[in-house]
Amino acid sequence: MELYMIVSAAFFFLLSLKCNAANSNLFREYIGAESDSIKFSDVPISSGVEFHFILAFAIDYTHDYHPSPSNGKFNVFWETKNLGPCQVSSLKDSSSNVKIAVSLGGDSVGKGKAFFAPKSKTSWVQNAVSSLTDIINQYDIDGIDIDYEHFRSSPEMFAECIGQLITILKQRVTISFASIAPYKEINSYYLALWRKYGDVIDYVNFQFYAYEKLSVSQFISNFKEQASNYGGGQLLASFESGGGGGLKPNDGFFEACNKLKDEGKLGGIFICDNSCPSLHISVKQEYGKDKLALIFTQPTQKSTALFSCFLEKKHRVSSAYFSF
């Protein structure tokens with residue numbers, strides 16, 4: 001299922017959401033890791049949601065033919081051709097509800113795994129603060145996301161390095177928010193961070209797509225388990241486009257979100273995108289910018305029917321997919 005369709009479905013859901021103390025209409029999407037052709041403009045943005053683009057990734061590895069750990073000296077590894085400082089500035093000028101984050105770490109770099117590998121706590125934090133401040137200022141970034149998945153350190157060292165990094169950047173008003181992106185197999189590292197520095201972490205982007213395929217009831221059960229682990233945190237529901245496990249939209253993702261919403265537990269939705277941008281172009285050519293703006297910002301019965309009709313015709317997606 002391609003990106004435009006899934007983002008649109010998420011918007012329809014979030015726009016229907018009545019926020020309370022726990023529910024949130026926050027939408028977040030990782031971008032930049034899989035395609036050098038994708039643009040910010042390829043992704044529909046609704047003015048009715050809080051929207052975060054998360055640039056993936058900045059990594060503390062050397063940026064050469066054989067990348068190696070650089071002890072907190074971060075370099076940009078996302079595709080900058082269409083996701084550079086000028087594009088960020090233009091996006092923010094045109095969409096006041098959009099914020100930009102940069103994700104740190106990720107699964108791989110070059111042909112190998114991207115490891116969290118500090119030489120010492122002090123040197124790593126000093127290097128990270130300095131190098132990330134430069135990147136944040138250059139790209140007008142609002143927050144950071146922590147997505148390390150491989151480690152050459154103890155959970156305690158990870159917690160201290162990352163916790164101090166976030167604390168310093170917030171104290172200096174370099175960033176306004178921070179998130180973490182754990183999954184079950186690496187929870188020990190992120191829970192060590194959460195227990196000591198949870199007060200400086202704003203969002204938990206738990207990777208529910210890292211589970212094997214889930215039913216609606218299993219997804220809800222896992223969500224509640226992680227909500228308990230990260231008690232007091234704003235936990236987002238998630239799925240991966242173009243692959244992965246967990247619970248997909250056409251298998252009941254939004255049904256699960258509805259149930260979490262009814263219980264006041266839904267902290268938002270995020271997507272890890274591994275799809276291609278071809279669908280974005282076909283939708284734009286079919287309807288044009290003005291009609292798309294109507295569909296995504298004013299999800300009336302008429303506009304919902306219009307968009308679901310298009311999807312059925314072009315991509316064989318049932319209109320029931322949008323029944324919230």
# chains A, B, ... in the order shown; residues from 1 in each chain; ligands from 1
$ closest_atom_pairs --of "stretch 15-134 of chain A" --to "stretch 165-188 of chain A" --cutoff "9 Å" --atoms "only C-alpha atoms" --output "CSV"
residue,atom,partner,partner_atom,distance
A:Ala101,CA,A:Ala178,CA,8.3
A:Ser103,CA,A:Ser179,CA,8.8
A:Val125,CA,A:Leu165,CA,5.9
A:Gln126,CA,A:Leu165,CA,8.4
A:Ala128,CA,A:Leu165,CA,7.1
A:Val129,CA,A:Leu165,CA,6.3
A:Thr133,CA,A:Thr174,CA,6.9
$ select_by_dssp --residues "stretch 82-302 of chain A" --states "strand (DSSP E or B)" --output "PyMOL selection string"
chain A and resi 98-106+108-109+112-113+115-116+143-148+150-151+177-180+203-204+213+234-235+237-241+246+269-273
$ closest_residue --among "A:Asn127, A:Ser221, A:Asn23, A:Asn258" --to "A:Asn75" --atoms "only C-alpha atoms"
A:Asn127
$ closest_residue --among "A:Gly143, A:Pro85, A:Pro69, A:Gly267" --to "A:Ile54" --atoms "only C-alpha atoms"
A:Gly143
$ closest_residue --among "A:Lys259, A:Lys39, A:His52, A:Lys248" --to "A:Asn82" --atoms "only C-alpha atoms"
A:Lys39
$ residues_around --residues "A:Ser120" --least-positions-apart "2" --cutoff "9 Å" --atoms "only C-alpha atoms" --output "list in words"
Asn71, Ala117, Pro118, Thr122, Ser123, Trp124, Val125, Met157 and Cys161 of chain A
$ select_by_dssp --residues "stretch 139-275 of chain A" --states "helix (DSSP H, G or I)" --output "MDAnalysis selection string"
chainID A and resid 139 155:171 184:200 208:210 216:229 249:251 253:262
$ residues_around --residues "A:Phe57" --least-positions-apart "2" --cutoff "12 Å" --atoms "only C-alpha atoms" --output "PDB file with N, CA and C atoms, in the first residue's frame"
ATOM      1  N   TYR A  30       8.417   9.231   9.001  1.00  0.00           N
ATOM      2  CA  TYR A  30       9.843   9.169   8.685  1.00  0.00           C
ATOM      3  C   TYR A  30      10.013   9.302   7.178  1.00  0.00           C
ATOM      4  N   ILE A  31      10.995  10.092   6.769  1.00  0.00           N
ATOM      5  CA  ILE A  31      11.176  10.372   5.347  1.00  0.00           C
ATOM      6  C   ILE A  31      12.662  10.549   5.052  1.00  0.00           C
ATOM      7  N   GLY A  32      13.085  10.092   3.871  1.00  0.00           N
ATOM      8  CA  GLY A  32      14.443  10.369   3.421  1.00  0.00           C
ATOM      9  C   GLY A  32      15.390   9.198   3.380  1.00  0.00           C
ATOM     10  N   ALA A  33      14.988   8.052   3.971  1.00  0.00           N
ATOM     11  CA  ALA A  33      15.916   6.930   4.054  1.00  0.00           C
ATOM     12  C   ALA A  33      15.844   6.002   2.857  1.00  0.00           C
ATOM     13  N   GLU A  34      14.697   5.955   2.181  1.00  0.00           N
ATOM     14  CA  GLU A  34      14.480   4.907   1.183  1.00  0.00           C
ATOM     15  C   GLU A  34      14.514   5.385  -0.261  1.00  0.00           C
ATOM     16  N   PHE A  53       7.428  15.806  10.114  1.00  0.00           N
ATOM     17  CA  PHE A  53       8.318  15.042   9.251  1.00  0.00           C
ATOM     18  C   PHE A  53       9.565  14.690  10.068  1.00  0.00           C
ATOM     19  N   ILE A  54       9.997  13.438   9.993  1.00  0.00           N
ATOM     20  CA  ILE A  54      11.199  13.004  10.704  1.00  0.00           C
ATOM     21  C   ILE A  54      12.239  12.594   9.667  1.00  0.00           C
ATOM     22  N   LEU A  55      13.276  13.391   9.532  1.00  0.00           N
ATOM     23  CA  LEU A  55      14.331  13.122   8.566  1.00  0.00           C
ATOM     24  C   LEU A  55      15.184  11.950   9.045  1.00  0.00           C
ATOM     25  N   ILE A  59      23.613  10.148  11.555  1.00  0.00           N
ATOM     26  CA  ILE A  59      24.302   9.027  12.197  1.00  0.00           C
ATOM     27  C   ILE A  59      25.704   9.482  12.593  1.00  0.00           C
ATOM     28  N   ASP A  60      26.155   9.078  13.769  1.00  0.00           N
ATOM     29  CA  ASP A  60      27.508   9.427  14.185  1.00  0.00           C
ATOM     30  C   ASP A  60      28.494   8.380  13.646  1.00  0.00           C
ATOM     31  N   TYR A  61      28.592   8.418  12.311  1.00  0.00           N
ATOM     32  CA  TYR A  61      29.546   7.612  11.551  1.00  0.00           C
ATOM     33  C   TYR A  61      30.221   8.526  10.535  1.00  0.00           C
ATOM     34  N   PHE A  74      27.973  13.673  14.388  1.00  0.00           N
ATOM     35  CA  PHE A  74      26.903  13.263  13.485  1.00  0.00           C
ATOM     36  C   PHE A  74      27.070  13.862  12.095  1.00  0.00           C
ATOM     37  N   ASN A  75      26.698  13.041  11.113  1.00  0.00           N
ATOM     38  CA  ASN A  75      26.637  13.476   9.719  1.00  0.00           C
ATOM     39  C   ASN A  75      25.251  13.182   9.164  1.00  0.00           C
ATOM     40  N   VAL A  76      24.867  13.933   8.143  1.00  0.00           N
ATOM     41  CA  VAL A  76      23.568  13.749   7.495  1.00  0.00           C
ATOM     42  C   VAL A  76      23.651  12.572   6.535  1.00  0.00           C
ATOM     43  N   PHE A  77      22.750  11.594   6.713  1.00  0.00           N
ATOM     44  CA  PHE A  77      22.695  10.432   5.831  1.00  0.00           C
ATOM     45  C   PHE A  77      21.358  10.326   5.099  1.00  0.00           C
ATOM     46  N   TRP A  78      20.434  11.257   5.325  1.00  0.00           N
ATOM     47  CA  TRP A  78      19.203  11.211   4.536  1.00  0.00           C
ATOM     48  C   TRP A  78      19.461  11.838   3.166  1.00  0.00           C
ATOM     49  N   GLU A  79      18.545  11.596   2.238  1.00  0.00           N
ATOM     50  CA  GLU A  79      18.690  12.117   0.883  1.00  0.00           C
ATOM     51  C   GLU A  79      18.397  13.626   0.885  1.00  0.00           C
ATOM     52  N   THR A  80      19.415  14.425   0.610  1.00  0.00           N
ATOM     53  CA  THR A  80      19.279  15.883   0.708  1.00  0.00           C
ATOM     54  C   THR A  80      18.919  16.543  -0.618  1.00  0.00           C
ATOM     55  N   LEU A  83      15.333  17.162   0.099  1.00  0.00           N
ATOM     56  CA  LEU A  83      14.999  17.363   1.514  1.00  0.00           C
ATOM     57  C   LEU A  83      16.100  18.185   2.184  1.00  0.00           C
ATOM     58  N   ALA A 101      11.774  17.022  12.524  1.00  0.00           N
ATOM     59  CA  ALA A 101      12.675  16.362  13.467  1.00  0.00           C
ATOM     60  C   ALA A 101      13.753  15.637  12.677  1.00  0.00           C
ATOM     61  N   VAL A 102      14.832  15.318  13.350  1.00  0.00           N
ATOM     62  CA  VAL A 102      15.862  14.475  12.746  1.00  0.00           C
ATOM     63  C   VAL A 102      15.992  13.226  13.609  1.00  0.00           C
ATOM     64  N   SER A 103      16.010  12.081  12.958  1.00  0.00           N
ATOM     65  CA  SER A 103      16.145  10.817  13.673  1.00  0.00           C
ATOM     66  C   SER A 103      17.609  10.401  13.713  1.00  0.00           C
ATOM     67  N   LEU A 104      18.042   9.941  14.863  1.00  0.00           N
ATOM     68  CA  LEU A 104      19.438   9.568  15.080  1.00  0.00           C
ATOM     69  C   LEU A 104      19.587   8.051  15.100  1.00  0.00           C
ATOM     70  N   GLY A 105      20.557   7.564  14.341  1.00  0.00           N
ATOM     71  CA  GLY A 105      20.872   6.139  14.390  1.00  0.00           C
ATOM     72  C   GLY A 105      20.309   5.377  13.215  1.00  0.00           C
ATOM     73  N   GLY A 106      19.196   4.679  13.455  1.00  0.00           N
ATOM     74  CA  GLY A 106      18.620   3.834  12.415  1.00  0.00           C
ATOM     75  C   GLY A 106      19.240   2.452  12.429  1.00  0.00           C
ATOM     76  N   ASP A 107      18.808   1.640  11.496  1.00  0.00           N
ATOM     77  CA  ASP A 107      19.233   0.241  11.459  1.00  0.00           C
ATOM     78  C   ASP A 107      20.603   0.046  10.841  1.00  0.00           C
ATOM     79  N   SER A 108      20.895   0.784   9.760  1.00  0.00           N
ATOM     80  CA  SER A 108      22.114   0.481   9.014  1.00  0.00           C
ATOM     81  C   SER A 108      22.764   1.747   8.478  1.00  0.00           C
ATOM     82  N   VAL A 109      24.027   1.584   8.104  1.00  0.00           N
ATOM     83  CA  VAL A 109      24.775   2.663   7.456  1.00  0.00           C
ATOM     84  C   VAL A 109      25.715   1.997   6.458  1.00  0.00           C
ATOM     85  N   ALA A 114      24.296   0.132  11.982  1.00  0.00           N
ATOM     86  CA  ALA A 114      24.665   1.392  12.631  1.00  0.00           C
ATOM     87  C   ALA A 114      24.649   1.177  14.142  1.00  0.00           C
ATOM     88  N   LEU A 132      25.240  18.079  16.291  1.00  0.00           N
ATOM     89  CA  LEU A 132      23.796  18.160  16.062  1.00  0.00           C
ATOM     90  C   LEU A 132      23.303  19.603  16.074  1.00  0.00           C
ATOM     91  N   ILE A 135      23.745  20.857  12.617  1.00  0.00           N
ATOM     92  CA  ILE A 135      22.752  20.300  11.684  1.00  0.00           C
ATOM     93  C   ILE A 135      21.380  20.907  11.933  1.00  0.00           C
ATOM     94  N   ILE A 144      14.435  16.134  17.951  1.00  0.00           N
ATOM     95  CA  ILE A 144      15.212  14.950  17.588  1.00  0.00           C
ATOM     96  C   ILE A 144      14.444  13.694  17.970  1.00  0.00           C
ATOM     97  N   ASP A 145      14.740  12.633  17.250  1.00  0.00           N
ATOM     98  CA  ASP A 145      14.152  11.318  17.483  1.00  0.00           C
ATOM     99  C   ASP A 145      15.303  10.331  17.665  1.00  0.00           C
ATOM    100  N   ILE A 146      15.196   9.461  18.658  1.00  0.00           N
ATOM    101  CA  ILE A 146      16.260   8.501  18.942  1.00  0.00           C
ATOM    102  C   ILE A 146      15.850   7.137  18.415  1.00  0.00           C
ATOM    103  N   ASP A 147      16.617   6.627  17.433  1.00  0.00           N
ATOM    104  CA  ASP A 147      16.246   5.372  16.778  1.00  0.00           C
ATOM    105  C   ASP A 147      17.439   4.425  16.648  1.00  0.00           C
ATOM    106  N   TYR A 148      18.325   4.429  17.627  1.00  0.00           N
ATOM    107  CA  TYR A 148      19.403   3.434  17.622  1.00  0.00           C
ATOM    108  C   TYR A 148      18.816   2.042  17.816  1.00  0.00           C
TER     109      TYR A 148
END
$ atom_distance --atom1 "atom CA of A:Asp140" --atom2 "atom CA of A:Asn97"
14.6 Å
